[in-house]
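A.B. asks: Below you'll find the structure I mean.
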Amino acid sequence: MRLDIYSDTICPWCFVGKRRLERALAMRPLPGLEIRWRTFMLNPAMPADGMDREAYMEAKFGSPSRSRRVYDAVRSAGASEGIAFAFDRIKRTPSTLDSHRLARFARAAGKETPVIEELFRAYFLEGKNIGAGAVLEEVAERAGLDRAAARDYLAGEDDAEAILAEDALARRQGVTGVPCFIFNGRYALSGAQEPEVLLQLFDLGRADDLAEAGAATMA
């Protein structure tokens, strides 16, 4: 069974969704489940060095009161999942291109999910600029990757075009918000859904696998 998760590394609901997925998998383990983190950039036109957080919030939400309402809901959802969002620590909204590149680099070493976790922690709990090379190197090391190898990779442009292409493909396929969970390339569920809702998607994916296994046996 395969689970593709479209997300962005600065999406707070994606962090909440990851925690809810973990709870769902604890309730109903899926041995052999392959998880792939897919690119969706909330701000694909963001400058490479990002932008001031306050300016970004004003441009996105228009007023401090509106942004407070939005983030109060996120804080509440995060608290229910053990996430202590520290939005006040964030001083800069980064481009997420290099953070997605780092996740892809980690895939070959089987460290993609740990890198995603450390990116969320660095940004949302520690307020670090995950668009900065030194921060990404630290994230790589915390996730169990070789720091020097990550530094060399990030210094180039490997996978940048692939990341941009994956983001564009997600939009063409109708992904308009994240997180978006897709099982076996067929069953999609958008939003940071509660575990009980995710379990329904698990059942569809499992039924799919059983049907394919049955067809193969008959053949």
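By convention in this document, the chains of the structure tokens carry letters A, B, ... by their order, each chain's residues are numbered from 1, and ligands are numbered from 1 in the order they are shown.
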Enumerate, as a PDB file with C-alpha atoms, in the first residue's frame, the complete set of residues in region 115-213 of chain A that a backbone-based DSSP assignment places in strand (DSSP E or B).
C.D. replies:
ATOM      1  CA  CYS A 180      -3.767  15.980   0.923  1.00  0.00           C
ATOM      2  CA  PHE A 181      -3.533  12.216   1.454  1.00  0.00           C
ATOM      3  CA  ILE A 182      -3.732   9.908  -1.577  1.00  0.00           C
ATOM      4  CA  PHE A 183      -3.827   6.128  -1.136  1.00  0.00           C
ATOM      5  CA  TYR A 187      -8.315   7.613  -3.012  1.00  0.00           C
ATOM      6  CA  ALA A 188      -7.776  11.204  -1.907  1.00  0.00           C
ATOM      7  CA  LEU A 189      -8.579  12.956   1.345  1.00  0.00           C
ATOM      8  CA  SER A 190      -7.868  16.646   1.901  1.00  0.00           C
TER       9      SER A 190
END
A.B. asks: Work out how far apart CA of Ala59 (chain A) and CA of Asp88 (chain A) are and give it in Å to one decimal.
C.D. replies: 17.3 Å
A.B. asks: What's the 7 Å shell around Arg147 (chain A), counting only C-alpha atoms, without same-chain residues fewer than 6 positions away, as JSON, numbers by chain?
C.D. replies: {"A": [137, 140, 141]}
A.B. asks: Mind checking which residues fall within 10 Å of Arg121 (chain A), counting only C-alpha atoms, ignoring those fewer than 4 positions away in the same chain, and posting them as a PyMOL selection string?
C.D. replies: chain A and resi 9+15+83-86+115-117+125-128+139
A.B. asks: Could you please take those selected residues and save C-alpha atoms as a compact mmCIF listing (two decimals), in the first residue's frame?
C.D. replies:
# COMPACT_ATOMS: atom_id res chain seq x y z
CA THR A 9 6.97 22.51 5.19
CA PHE A 15 2.07 19.29 10.98
CA ILE A 83 2.07 20.55 19.25
CA ALA A 84 2.96 23.79 21.02
CA PHE A 85 2.98 26.12 18.03
CA ALA A 86 5.29 29.09 18.66
CA VAL A 115 13.42 15.20 7.83
CA ILE A 116 9.81 16.36 7.45
CA GLU A 117 9.38 16.04 11.22
CA LEU A 125 8.44 25.11 17.57
CA GLU A 126 11.79 26.90 17.33
CA GLY A 127 10.98 29.69 14.87
CA LYS A 128 14.00 28.92 12.69
CA VAL A 139 17.77 19.65 10.29
A.B. asks: Give me every helix (DSSP H, G or I) residue in region 61-199 of chain A, going by DSSP on the backbone, as number ranges by chain.
C.D. replies: A: 61, 64-80, 87-89, 97-107, 112-125, 133-142, 147-155, 160-172, 195-199
A.B. asks: Can those selected residues be exported to a file as a PDB file, in the first residue's frame so that it contains C-alpha atoms?
C.D. replies:
ATOM      1  CA  PHE A  61      -4.680  37.932   5.764  1.00  0.00           C
ATOM      2  CA  PRO A  64      -3.945  41.345  12.424  1.00  0.00           C
ATOM      3  CA  SER A  65      -7.379  40.414  13.800  1.00  0.00           C
ATOM      4  CA  ARG A  66      -8.088  38.053  10.903  1.00  0.00           C
ATOM      5  CA  SER A  67      -4.698  36.383  11.170  1.00  0.00           C
ATOM      6  CA  ARG A  68      -5.204  35.951  14.918  1.00  0.00           C
ATOM      7  CA  ARG A  69      -8.522  34.186  14.333  1.00  0.00           C
ATOM      8  CA  VAL A  70      -6.959  31.833  11.807  1.00  0.00           C
ATOM      9  CA  TYR A  71      -3.962  31.010  13.977  1.00  0.00           C
ATOM     10  CA  ASP A  72      -6.006  30.633  17.142  1.00  0.00           C
ATOM     11  CA  ALA A  73      -7.794  27.732  15.420  1.00  0.00           C
ATOM     12  CA  VAL A  74      -4.457  26.215  14.417  1.00  0.00           C
ATOM     13  CA  ARG A  75      -3.080  26.605  17.948  1.00  0.00           C
ATOM     14  CA  SER A  76      -6.115  24.858  19.378  1.00  0.00           C
ATOM     15  CA  ALA A  77      -5.837  21.956  16.935  1.00  0.00           C
ATOM     16  CA  GLY A  78      -2.107  21.722  17.576  1.00  0.00           C
ATOM     17  CA  ALA A  79      -2.562  21.653  21.337  1.00  0.00           C
ATOM     18  CA  SER A  80      -4.928  18.705  20.973  1.00  0.00           C
ATOM     19  CA  PHE A  87       4.225  31.414  15.861  1.00  0.00           C
ATOM     20  CA  ASP A  88       5.592  34.416  17.746  1.00  0.00           C
ATOM     21  CA  ARG A  89       9.120  33.043  17.298  1.00  0.00           C
ATOM     22  CA  LEU A  97      12.073  25.031  -2.287  1.00  0.00           C
ATOM     23  CA  ASP A  98      15.270  23.957  -0.521  1.00  0.00           C
ATOM     24  CA  SER A  99      13.413  22.300   2.346  1.00  0.00           C
ATOM     25  CA  HIS A 100      11.533  20.163  -0.187  1.00  0.00           C
ATOM     26  CA  ARG A 101      14.836  19.428  -1.909  1.00  0.00           C
ATOM     27  CA  LEU A 102      16.275  18.253   1.410  1.00  0.00           C
ATOM     28  CA  ALA A 103      13.310  15.916   1.958  1.00  0.00           C
ATOM     29  CA  ARG A 104      13.856  14.427  -1.487  1.00  0.00           C
ATOM     30  CA  PHE A 105      17.588  14.040  -0.796  1.00  0.00           C
ATOM     31  CA  ALA A 106      16.689  12.163   2.408  1.00  0.00           C
ATOM     32  CA  ARG A 107      14.399   9.742   0.570  1.00  0.00           C
ATOM     33  CA  GLU A 112      12.341  11.475   4.361  1.00  0.00           C
ATOM     34  CA  THR A 113       9.757  11.336   7.150  1.00  0.00           C
ATOM     35  CA  PRO A 114      12.322  12.188   9.889  1.00  0.00           C
ATOM     36  CA  VAL A 115      13.425  15.202   7.826  1.00  0.00           C
ATOM     37  CA  ILE A 116       9.814  16.364   7.451  1.00  0.00           C
ATOM     38  CA  GLU A 117       9.378  16.042  11.223  1.00  0.00           C
ATOM     39  CA  GLU A 118      12.529  18.024  11.954  1.00  0.00           C
ATOM     40  CA  LEU A 119      11.556  20.723   9.463  1.00  0.00           C
ATOM     41  CA  PHE A 120       8.202  21.142  11.198  1.00  0.00           C
ATOM     42  CA  ARG A 121       9.861  21.239  14.594  1.00  0.00           C
ATOM     43  CA  ALA A 122      12.510  23.727  13.539  1.00  0.00           C
ATOM     44  CA  TYR A 123      10.009  26.109  11.978  1.00  0.00           C
ATOM     45  CA  PHE A 124       6.922  25.848  14.164  1.00  0.00           C
ATOM     46  CA  LEU A 125       8.436  25.109  17.567  1.00  0.00           C
ATOM     47  CA  GLY A 133      21.316  26.631   4.447  1.00  0.00           C
ATOM     48  CA  ALA A 134      22.769  26.372   7.957  1.00  0.00           C
ATOM     49  CA  VAL A 135      19.344  25.585   9.428  1.00  0.00           C
ATOM     50  CA  LEU A 136      18.697  22.939   6.781  1.00  0.00           C
ATOM     51  CA  GLU A 137      22.077  21.361   7.512  1.00  0.00           C
ATOM     52  CA  GLU A 138      21.132  21.187  11.188  1.00  0.00           C
ATOM     53  CA  VAL A 139      17.765  19.647  10.289  1.00  0.00           C
ATOM     54  CA  ALA A 140      19.528  17.039   8.155  1.00  0.00           C
ATOM     55  CA  GLU A 141      21.895  16.122  10.981  1.00  0.00           C
ATOM     56  CA  ARG A 142      19.057  15.882  13.520  1.00  0.00           C
ATOM     57  CA  ARG A 147      25.654  17.020   7.531  1.00  0.00           C
ATOM     58  CA  ALA A 148      28.493  17.508   5.061  1.00  0.00           C
ATOM     59  CA  ALA A 149      26.704  15.519   2.377  1.00  0.00           C
ATOM     60  CA  ALA A 150      23.545  17.578   2.932  1.00  0.00           C
ATOM     61  CA  ARG A 151      25.590  20.797   2.723  1.00  0.00           C
ATOM     62  CA  ASP A 152      27.125  19.752  -0.599  1.00  0.00           C
ATOM     63  CA  TYR A 153      23.711  18.795  -1.998  1.00  0.00           C
ATOM     64  CA  LEU A 154      22.027  22.023  -0.897  1.00  0.00           C
ATOM     65  CA  ALA A 155      24.855  24.111  -2.351  1.00  0.00           C
ATOM     66  CA  ALA A 160      15.081  21.869  -7.949  1.00  0.00           C
ATOM     67  CA  GLU A 161      13.379  21.421 -11.314  1.00  0.00           C
ATOM     68  CA  ALA A 162      11.809  18.154 -10.146  1.00  0.00           C
ATOM     69  CA  ILE A 163      10.405  19.882  -7.072  1.00  0.00           C
ATOM     70  CA  LEU A 164       8.898  22.699  -9.130  1.00  0.00           C
ATOM     71  CA  ALA A 165       7.481  20.171 -11.588  1.00  0.00           C
ATOM     72  CA  GLU A 166       5.890  18.132  -8.791  1.00  0.00           C
ATOM     73  CA  ASP A 167       4.263  21.265  -7.373  1.00  0.00           C
ATOM     74  CA  ALA A 168       2.897  22.155 -10.809  1.00  0.00           C
ATOM     75  CA  LEU A 169       1.646  18.600 -11.349  1.00  0.00           C
ATOM     76  CA  ALA A 170      -0.192  18.630  -8.024  1.00  0.00           C
ATOM     77  CA  ARG A 171      -2.082  21.731  -9.095  1.00  0.00           C
ATOM     78  CA  ARG A 172      -2.931  20.242 -12.499  1.00  0.00           C
ATOM     79  CA  PRO A 195      -7.787   9.535  12.765  1.00  0.00           C
ATOM     80  CA  GLU A 196     -11.251   8.022  12.455  1.00  0.00           C
ATOM     81  CA  VAL A 197     -11.639   9.594   9.019  1.00  0.00           C
ATOM     82  CA  LEU A 198      -8.181   8.433   7.957  1.00  0.00           C
ATOM     83  CA  LEU A 199      -9.100   4.889   9.005  1.00  0.00           C
TER      84      LEU A 199
END
